[in-house]
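Peer 1: Here it is, the structure, as structure tokens.
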Amino acid sequence: MNSELLSWGRYPHFPQTPHSVSWRSQVGATLETLQRTAGTTLPFGNGRSYGDSCLAESDHVLSMRLLDRFIAADWDRGVVMVEPGMTLGELLALAVPKGWFLRVTPGTRFVTVGGAIANDVHGKNHHRQGTFGCHVSRFGLWRSEQGLLNCSAQENPDLYRATIGGLGLTGIIVWAEIHLARINSSRIRFVTERFDSIDEFFALSDELDSTYEFSVAWVDCTAKGSSAGRGVFSAGEFANDGALSASGDRKITVPVTPPFSLINKLSLRLFNAAYWRRHPRKRRSGSAGYEPFLYPLDAILHWNRIYGRKGFQQYQCVLPPDAAESGTKALLQTIANSGNGSFLAVLKRFGDLRSPGLLSFPRPGVTLALDFRNEPRLEGGLFPRLDSIVRDAGGRLYPAKDAHIGAADFRDSYPEWRELERLRDPAVNSRFWKRVTQ
Amino acid sequence: MKRYLVIGATSAIAQACCRRWLVKQQDGGGASPVEFFLVGRSAEKLEQVAADLLGRGAQTAHWKAVDLNEMASQPRFLEEAQAALGTIDVALIAHGTLPDQKHCETDADTAVREFWINAVVTIALLTRVADIFAAQGSGVIAVITSVAGDRGRPSNYLYGSAKAAVSTFCEGLRARLCRQGVHVMDIRPGFVDTPMTKGLKLPGLLVSTPDRVARLIAAGIDRKKNVLYVPKYWALILWIIRSIPTPIFKRLSL
């Protein structure tokens with residue numbers, strides 16, 4: 001049974017034919033077969049990359065999802081060695097009851113370990129823990145010409161660095177060793193507070209990021225004039241005592257893809273205004289399970305379908321500290337004036353912990369991420385305007401979310417791309433990589 | 001303590017069942033440890049499955065690589081399993097292949113060999129496992145057969161007839177052992193998305209994941225079901241297929 005795969009944004013529409021491996025020993029032979037029959041391929045995890053970075057140039061992907069086993073688990077030290085197709089959620093289901101959590105997790109736990117490494121994902125605690133790759137001590141990488149190589153900061157350090165954030169291009173990750181963080185409770189103690197402007201966001205971030213493990217803000221990307229830059233700041237950390245329970249199974253699902261987007265200018269403005277009002281003006285504290293705090297969207301399976309058949313694009317950029325305030329304001333103003341935007345506009349301060357990854361996206365500054373329902377106007381109008389703000393600010397975009405960046409912008413903002421190209425496995429290539437480098 | 005003997009342990013459904021049993025143990029507070037004895041053909045794969053189960057909280061995961069089709073190997077590994085586990089709570093037999101029906105139609109050797117693997121070998125295993133369980137006076141023997149055994153269909157009657165033989169064997173064995181405190185469960189999955197069905201064109205809506213099938217099997221074992229269609233709707237589908245009169249049935253290319 002093989003059905004075709006798309007990326008999470010369902011755009012660009014290049015259905016991928018999956019070629020599954022169920023055992024680690026099959027990786028080499030399957031890669032060789034695909035190289036012979038399709039030219040190149042690309043490892044594919046759980047399809048949570050938004051744009052074309054998870055689409056193979058040949059449209060034939062090496063599906064890693066069935067490689068989801070533990071190889072070794074030291075639950076006393078919190079170090080696990082796993083196959084790359086295991087999702088972070090599957091790992092947490094076992095780790096949480098034992099008092100361990102991921103040191104870094106993105107906003108969904110439906111990504112695979114391999115995907116988390118390949119995109120060097122970050123989360124709400126970037127200011128404390130850096131990226132996912134900072135906690136991957138070593139991994140096994142299958143290369144079409146060399147076979148299986150152990151990679152770490154000491155062994156094959158070039159490939160270790162290039163694979164973290166390497167968009168799957170350096171070869172096939174066959175196993176990875178991950179270091180976990182101790183938790184005493186699976187509940188999160190949090191504070192939330194509304195802010196009225198971007199200046200207030202930065203003030204809250206200055207105050208709360210140093211005391212809390214997690215921090216993130218929602219911004220109203222439809223707000224204009226005096227309410228421009230308003231949003232809701234939340235910060236939290238794991239409680240010191242309480243039960244250790246993995247998340248429940250109860251979820252709702254978007255069962256089908258509607259022919260048109262359910263997100264439009266009106267629904268967007270109404271929702272955003274209501275969401276802002278629902279939150280307290282004064283700081284309020286509370287407690288929640290880790291799931292609603294860290295993974296609010298995971299409660300709605302297939303939420304990407306609400307944007308309809310044409311899909312959506314996410315725009316996520318990082319701006320360096322000196323341009324963070326002015327750049328964020330300019331971006332939000334441009335977006336609000338366009339009337340496009342989403343429920344899910346997220347603002348987050350990055351810290352200055354360096355990832356070992358060569359093409360790792362995060363850098364000190366602030367990151368803004370938001371979804372747009374797909375339409376020709378995006379790439380014809382709004383995106384070029386946003387790109388020029390990011391370019392002038394000395395910022396850059398996140399390949400895992402991207403479907404539009406120009407080759408020149410990419411190469412200028414990721415000058416290390418030549419090194420990744422040099423280390424790319426000749427049997428592997430993606431539509432993204434071809435678009436921005438070739 | 002829960003002790004599982006799993007034969008054909010590298011199959012996708014068997015792996016999913018083992019993981020499910022560990023989740024149930026964890027949900028139950030982790031108080032009662034789980035032990036496995038895994039049997040399959042490939043040492044390399046068994047070792048990987050065992051390591052996975054240990055990572056997921058199994059107390060022990062013994063394994064033994066054997067060619068089950070060598071009948072003589074069966075008593076030996078069963079003795080080892082008994083020695084390792086002591087009393088066996090559940091034996092899951094998930095051994096088998098999905099033969100190429102077209103090939104079986106024209107090649108008698110292939111047909112007989114596939115029937116041997118899927119029916120004769122399983123019946124031999126069941127006979128030996130039944131002995132052990134009867135002596136224990138407890139336990140559940142769970143065998144994965146198939147909905148294909150419910151009626152001989154032109155698209156896969158070799159596979160279907162082998163599974164039917166096992167199902168009928170189980171029916172008799174169940175009646176024989178029930179007075180001795182041993183339960184025999186006949187598990188009939190429909191379409192499952194596994195490496196075994198890779199490359200087949202299956203109707204998407206009727207295809208289950210190994211994980212879903214494993215949940216239903218674990219629940220069925222707890223409730224000591226006799227015949228378990230997984231998922232349940234296959235009972236209805238097969239009831240309809242069995243109800244089609246033969247003069248009509250033979251003209252349908254099911």
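Residue numbering restarts at 1 in every chain; chains get A, B, ... in the order shown in the structure tokens, and ligands count up from 1 in that same order.
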Which residues of chain A have any atom within 8 Å of an atom in chain B when counting only C-alpha atoms, and what is the closest pair of atoms for each, with the distance in Å to one decimal? Order the rows by chain and rising number and write it as JSON lines.
Peer 2:
```
{"residue": "A:Met1", "atom": "CA", "partner": "B:Lys198", "partner_atom": "CA", "distance": 5.1}
{"residue": "A:Asn2", "atom": "CA", "partner": "B:Gly199", "partner_atom": "CA", "distance": 6.9}
{"residue": "A:Ser22", "atom": "CA", "partner": "B:Pro195", "partner_atom": "CA", "distance": 7.4}
{"residue": "A:Trp23", "atom": "CA", "partner": "B:Lys45", "partner_atom": "CA", "distance": 7.4}
{"residue": "A:Arg69", "atom": "CA", "partner": "B:Asp52", "partner_atom": "CA", "distance": 5.1}
{"residue": "A:Phe70", "atom": "CA", "partner": "B:Asp52", "partner_atom": "CA", "distance": 4.3}
{"residue": "A:Ile71", "atom": "CA", "partner": "B:Ala51", "partner_atom": "CA", "distance": 5.5}
{"residue": "A:Ala72", "atom": "CA", "partner": "B:Gly55", "partner_atom": "CA", "distance": 5.8}
{"residue": "A:Ala73", "atom": "CA", "partner": "B:Gly55", "partner_atom": "CA", "distance": 4.9}
{"residue": "A:Asp74", "atom": "CA", "partner": "B:Gly55", "partner_atom": "CA", "distance": 8.0}
{"residue": "A:Leu94", "atom": "CA", "partner": "B:Arg56", "partner_atom": "CA", "distance": 6.6}
```
Peer 1: Using only C-alpha atoms, determine which residues lie at most 8 Å from B:Asp67, disregarding the query and same-chain residues fewer than 4 positions distant; provide the list as a list of chain:residue names.
Peer 2: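 Selected residues are B:Gly40, B:Arg41, B:Ser73.
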Peer 1: Hey, what's within 7 Å of stretch 77-88 of chain B if we count only C-alpha atoms and toss same-chain stuff fewer than 6 positions away? As JSON, numbers by chain, please?
Peer 2: {"B": [3, 4, 5, 37, 136, 139]}
Peer 1: Got time to write the residues from that selection, N, CA and C atoms, as a compact mmCIF listing (two decimals), in the first residue's frame?
Peer 2:
```
# COMPACT_ATOMS: atom_id res chain seq x y z
N ARG B 3 4.27 -12.93 30.48
CA ARG B 3 5.29 -13.56 29.63
C ARG B 3 4.70 -13.92 28.27
N TYR B 4 5.37 -13.43 27.24
CA TYR B 4 4.86 -13.62 25.88
C TYR B 4 5.84 -14.41 25.03
N LEU B 5 5.33 -15.44 24.37
CA LEU B 5 6.09 -16.14 23.35
C LEU B 5 5.56 -15.66 22.00
N PHE B 37 9.84 -13.83 24.64
CA PHE B 37 10.71 -14.76 23.92
C PHE B 37 10.30 -14.67 22.46
N GLN B 136 0.48 -26.54 31.48
CA GLN B 136 0.41 -25.39 32.40
C GLN B 136 -0.98 -25.25 33.01
N GLY B 139 -3.33 -19.95 30.05
CA GLY B 139 -2.71 -19.21 28.96
C GLY B 139 -3.61 -19.04 27.74
```
Peer 1: Counting only C-alpha atoms, which residue out of A:Gly9, A:Val232, A:Ser137, A:Leu294 sits closest to A:Phe101?
Peer 2: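 Comparing A:Gly9, A:Val232, A:Ser137, A:Leu294 against A:Phe101, the winner is A:Leu294.
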Peer 1: With only C-alpha atoms as the basis for distance, which of B:Val213, B:Val230, B:Ile117, B:Val143 is at the shortest distance from B:Ile7?
Peer 2: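 Counting only C-alpha atoms, the residue closest to B:Ile7 is B:Val143.
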Peer 1: Leaving out A:Leu42 and any residue of its chain fewer than 5 positions from it, which residues lie within 10 Å of it when counting only C-alpha atoms, given as a PyMOL selection string?
Peer 2: chain A and resi 18+31+34+53-64+167-172+425+427-431
Peer 1: Got a sec to tell me which of stretch 195-334 of chain A DSSP assigns to strand (DSSP E), as a count of residues only?
Peer 2: 33
Peer 1: Which polymer residues have any atom within 12 Å of an atom of stretch 171-185 of chain B, counting only C-alpha atoms, with same-chain residues fewer than 4 positions away left out, as number ranges by chain?
Peer 2: B: 88-93, 123, 126-145, 164-167, 217-229
Peer 1: Include C-alpha atoms and write out the residues we just selected as a tab-separated table (two decimals), in the first residue's frame.
Peer 2:
```
chain	number	residue	atom	x	y	z
B	88	ILE	CA	3.86	-18.62	29.25
B	89	ASP	CA	0.84	-16.32	29.46
B	90	VAL	CA	0.33	-15.66	25.77
B	91	ALA	CA	1.70	-17.35	22.67
B	92	LEU	CA	1.22	-15.25	19.54
B	93	ILE	CA	1.75	-17.09	16.28
B	123	ILE	CA	-0.51	-26.66	12.70
B	126	LEU	CA	0.02	-25.23	17.45
B	127	THR	CA	0.12	-28.90	18.36
B	128	ARG	CA	3.36	-28.43	20.28
B	129	VAL	CA	2.36	-25.15	21.91
B	130	ALA	CA	-0.96	-26.72	22.89
B	131	ASP	CA	0.93	-29.46	24.74
B	132	ILE	CA	2.84	-26.89	26.78
B	133	PHE	CA	-0.24	-24.84	27.58
B	134	ALA	CA	-2.31	-27.92	28.48
B	135	ALA	CA	0.40	-28.93	30.95
B	136	GLN	CA	0.41	-25.39	32.40
B	137	GLY	CA	-3.37	-25.43	32.62
B	138	SER	CA	-3.50	-21.75	31.63
B	139	GLY	CA	-2.71	-19.21	28.96
B	140	VAL	CA	-3.90	-17.88	25.62
B	141	ILE	CA	-2.77	-19.17	22.26
B	142	ALA	CA	-3.43	-16.46	19.68
B	143	VAL	CA	-3.00	-17.28	16.00
B	144	ILE	CA	-3.06	-14.79	13.16
B	145	THR	CA	-5.03	-16.28	10.29
B	164	ALA	CA	-8.91	-21.86	6.54
B	165	ALA	CA	-7.09	-25.04	7.54
B	166	VAL	CA	-5.53	-23.24	10.50
B	167	SER	CA	-8.86	-21.66	11.49
B	217	ILE	CA	-5.68	-7.90	19.21
B	218	ALA	CA	-4.45	-6.97	22.71
B	219	ALA	CA	-7.99	-6.04	23.75
B	220	GLY	CA	-9.34	-9.25	22.18
B	221	ILE	CA	-6.85	-11.36	24.11
B	222	ASP	CA	-7.90	-9.67	27.36
B	223	ARG	CA	-11.53	-10.48	26.63
B	224	LYS	CA	-10.70	-14.01	25.45
B	225	LYS	CA	-12.45	-13.65	22.13
B	226	ASN	CA	-12.80	-16.85	20.13
B	227	VAL	CA	-12.69	-15.45	16.62
B	228	LEU	CA	-11.55	-11.87	16.24
B	229	TYR	CA	-12.06	-9.96	13.01
```
Peer 1: So what do you get for atom CA of A:Ile188 versus atom CA of A:Phe293, distance-wise?
Peer 2: 7.3 Å
Peer 1: Can you tell me which residues surround B:Tyr157 at a distance of at most 12 Å, considering only C-alpha atoms, apart from same-chain residues fewer than 5 positions away, and format the answer as a ChimeraX atom specification?
Peer 2: /B:98-105,111,114-115,146-152,162-165,253-254
Peer 1: Please return as a ChimeraX atom specification: the residues of stretch 69-178 of chain B that backbone DSSP assigns to helix (DSSP H, G or I).
Peer 2: /B:73-85,101-106,108-136,147-150,157-178
Peer 1: Using atom CA of A:Tyr11 and atom CA of A:Ile173 as the two end points, give the distance in Å to one decimal.
Peer 2: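 Going from atom CA of A:Tyr11 over to atom CA of A:Ile173, I get 25.6 Å.
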Peer 1: Kindly indicate which residue among B:Leu252, B:Cys17, B:Ala94, B:Ala72 lies nearest to B:Asn118, using only C-alpha atoms for the distances.
Peer 2: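 Checking each candidate against B:Asn118, we get B:Ala94 as the closest.
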Peer 1: Taking only C-alpha atoms into account, name the residue in A:Ser49, A:Thr163, A:Ser355, A:Asn125 that is nearest to A:Tyr398.
Peer 2: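 Of A:Ser49, A:Thr163, A:Ser355, A:Asn125, the one nearest A:Tyr398, counting only C-alpha atoms, is A:Ser49.
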